[in-house]
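Since the structure comes first, as structure tokens, the remarks are kept for the end.
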Amino acid sequence: MIHKHIEYYTEHLKQDIPAGLVVFLVALPLCLGIALASGAPLFAGLIAGIVGGIFVSWASGSQLSVSGPAAGLTVIVFNAIEQLGSYTGFLVSVVLAGIIQIVLGYFRAGVVGAFFPSSVIKGMLSAIGLILIIKQLPHAVGYDKSFQGDEGYMNETASSSFNELFDAFNSISPGSSLIALGALLILILWEMPSIKKNSLLTLIPGPLLAVAWGIGFNATALQWFPEFAVSGNHLVSLSITANLGEFVDLFMLPDFSFLSNPQVYVIAVTLAIIASLETLLSVEAVDKLDPLKRIAPTNRELKAQGFGNIISGLLGGLPVTAVIVRSSANINSGGRTRISSFLHGILLLLSILFFTQLLNLIPLACLAAILLHIGYKLAKPQLFISLYRQGWDQFLPFLITIIAILTTDLLQGVLIGIGIGLFFIIKTNYHKSISLHHEEGHYTLTMHKDVSFLNKALLRQMLNDIEENSTLLIDASKAKFIDFDIEETLENYLKTAPDDNITVEVYGFPQDQLIHSINLTTPQILPKKLVERRFTS
């Protein structure tokens with residue numbers, strides 16, 4: 001068994017290693033950006049990324065999901081740190097949130113993930129793609145007013161994000177723009193069939209080449225064309241540790257004296273619920289994107305995230321969730337197993353220990369180009385066309401989810417999308433549960449599946465449409481459940497049908513239902529063979 005597992009992971013190494021490298025390049029600025037927006041130490045974001053990669057990837061049941069600090073929690077974290085007045089006190093809430101998530105996993109709360117409509121998940125992914133494009137375009141042209149690494153609107157409004165986008169085009173940096181355009185060109189070329197067919201070129205990840213291009217261009221510009229060089233806040237900025245001792249000093253322990261503060265428990269419950277919802281949404285989205293169509297066990301995922309939050313909290317890191325942008329980057333870069341996520345965690349750790357000086361040479365425009373490319377893949381025009389062709393009951397929840405996320409935030413937008421999705425599900429069931437067929441004075445009223453009180457108005461309308469001096473067959477053989485309101489409506493109709501000279505024949509009702517509750521000779525219980533002959537004639 002162990003041998004088979006090892007073989008499974010080794011056979012996918014050629015896809016997982018490049019994917020892990022891409023996820024690392026995407027995760028690095030995201031971890032820093034989320035920490036900054038949360039009002040936490042920058043290193044706290046990197047700790048969460050390392051924990052998500054090294055520990056959660058193996059505890060999780062998902063092969064492709066990537067965990068780390070999430071943009072959706074930034075406002076909660078920022079307010080919690082301010083409320084408690086201590087980051088080490090906040091870490092206690094993170095540890096407690098992890099324990100709550102493990103309990104939720106054992107109580108099988110992961111079943112909630114099955115209730116997210118497919119159109120809403122697709123809308124969420126497209127919205128994330130559009131957010132990446134909106135938020136990364138300013139960085140691509142060298143306008144770095146806000147910190148690199150936004151994967152959500154964070155604590156900004158939609159209008160300020162669009163304003164920043166327009167402001168960016170009035171402050172274009174030629175160096176950053178050329179770096180971003182070159183990187184995008186490389187990424188697009190690397191998707192071409194001619195490149196993919198070349199076994200030698202496929203060994204080089206496109207994003208790695210894009211980063212190498214950025215570093216090379218900037219080094220050349222510094223030497224020969226200073227007006228095109230980028231520096232300062234246009235480059236990655238990591239704290240450089242001189243030795244292992246300085247690195248260890250960056251970690252923080254929770255201050256457990258805060259256990260006496262009731263607010264710690266309120267924050268812990270809030271973190272556990274929001275982080276669990278984000279995780280379940282991300283896992284559902286990853287299952288949709290997984291080229292091998294694997295389904296992750298959601299209860300195990302909650303336990304894995306709880307385990308990750310306990311470790312992250314004990315080491316001084318931000319809360320951990322499964323995150324969509326990094327998971328999407330993993331899948332779009334060819335990742336196949338959990339090795340890619342694990343590798344990204346290892347690379348985050350090694351980069352802080354040994355490679356900070358090299359990483360600080362990377363222009364942010366390169367990383368923006370990688371995220372722009374991922375954003376386009378998530379929000380392809382073909383996806384909008386495909387959903388439109390599937391009908392309004394699929395397209396409207398998809399479109400409204402996108403608009404809601406762009407104008408509010410991820411969770412609020414998804415909840416609005418789910419509400420719209422449920423409306424269309426109820427509407428579809430409302431019309432499909434009952435049908436009325438008319439042919440030459442004979443009507444057949446068929447109940448196709450479970451019929452509830454929601455179908456009462458439709459049933460009344462159909463019964464009113466039956467003309468005088470006709471025959472009605474009520475067929476309930478396909479219905480597994482018939483609500484009392486439906487029975488009552490039919491019973492009332494059976495009593496009044498003779499007044500309009502309507503002959504009613506009933507088939508498929510249990511013997512203790514409908515017929516025995518009234519004392520009439522007009523309705524007939526038809527034998528099955530007679531009804532089958534009637535349907536086939």
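Chain labels run A, B, ... following the order of the structure tokens; each chain numbers its residues from 1, and ligands are numbered from 1 in the order shown.
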
Strand (DSSP E or B) positions in segment 140-375 of chain A, given as JSON, numbers by chain: {"A": [235, 321, 322, 323, 363]}

Test item: residues at most 10 Å from Leu42 of chain A, only C-alpha atoms, excluding those fewer than 2 positions along its chain, as a list in words: Cys31, Leu32, Gly33, Ile34, Ala35, Leu36, Ala37, Ser38, Gly39, Ala40, Ala44, Gly45, Leu46, Ile47, Leu238, Ser239, Leu250, Gly317 and Leu318 of chain A

Hey, which of A:Thr407, A:Thr270, A:Asn332, A:Asn233 ends up closest to Leu130 of chain A? Count only C-alpha atoms.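 Of the candidates, the smallest distance to Leu130 of chain A is held by A:Thr407.
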
Tell me, in Å to one decimal, how far atom CA of Gly232 of chain A is from atom CA of Gly175 of chain A.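 Here the two named atoms are 13.0 Å from each other.
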
Set the distance at 9 Å and use only C-alpha atoms: which residues neighbour Val269 of chain A once local chain neighbours fewer than 5 positions away are removed? I'd like the list as a short mmCIF file (atom, residue, chain, number, x, y, z; two decimals) with N, CA, C and O atoms, in the first residue's frame.
```cif
data_model
loop_
_atom_site.label_atom_id
_atom_site.label_comp_id
_atom_site.auth_asym_id
_atom_site.auth_seq_id
_atom_site.Cartn_x
_atom_site.Cartn_y
_atom_site.Cartn_z
N SER A 93 -7.02 33.10 20.14
CA SER A 93 -8.27 32.91 19.39
C SER A 93 -8.04 32.01 18.17
O SER A 93 -8.91 31.20 17.82
N LEU A 96 -7.87 28.41 19.42
CA LEU A 96 -9.22 27.97 19.80
C LEU A 96 -10.10 27.74 18.57
O LEU A 96 -10.89 26.79 18.52
N ALA A 97 -9.95 28.60 17.56
CA ALA A 97 -10.71 28.44 16.30
C ALA A 97 -10.36 27.11 15.65
O ALA A 97 -11.24 26.41 15.11
N ILE A 100 -12.18 24.35 17.44
CA ILE A 100 -13.60 24.36 17.06
C ILE A 100 -13.78 23.70 15.68
O ILE A 100 -14.72 22.93 15.46
N VAL A 264 -12.02 36.77 23.49
CA VAL A 264 -11.18 35.77 22.80
C VAL A 264 -12.04 34.64 22.24
O VAL A 264 -11.81 34.17 21.12
N ILE A 274 -16.22 31.55 9.74
CA ILE A 274 -15.88 32.19 8.46
C ILE A 274 -14.78 31.39 7.74
O ILE A 274 -14.87 31.16 6.53
#
```

Members of segment 64-291 of chain A assigned helix (DSSP H, G or I) by DSSP, as a ChimeraX atom specification: /A:71-84,87-106,109-115,118-140,158-168,174-189,193-197,201-203,206-224,226-228,232-234,244-249,256-260,262-289

Mind checking which residues fall within 10 Å of segment 18-25 of chain A, counting only C-alpha atoms, ignoring those fewer than 4 positions away in the same chain, and posting them as a ChimeraX atom specification? /A:13-14,29-30,49-50,53,66,202-208,211,325-348,351,359,362,366-367,370-371

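If you measure from each of A:Thr471, A:Asn501, A:Asn299, A:Thr444 to Val103 of chain A using only C-alpha atoms, the closest one turns out to be A:Asn299.
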
Among A:Leu410, A:Ile267, A:Ala379, A:Ala183, Leu84 of chain A is approached most closely, using only C-alpha atoms, by A:Ile267

All residues 8 Å or closer to Tyr143 of chain A, only C-alpha atoms, same chain fewer than 5 positions away omitted, as a list in words: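 The residues satisfying every condition are Pro138, Ala168, Ser171, Ile172 and Ser173 of chain A.
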
Report the distance between atom CA of Lys293 of chain A and atom CA of Val320 of chain A in Å, rounded to one decimal place. 24.8 Å

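For Phe116 of chain A, the set of protein, DNA and RNA residues having any atom at most 8 Å away, when counting only C-alpha atoms and skipping those fewer than 5 positions along the same chain, is Ile121, Leu281, Glu284 and Ile418 of chain A.
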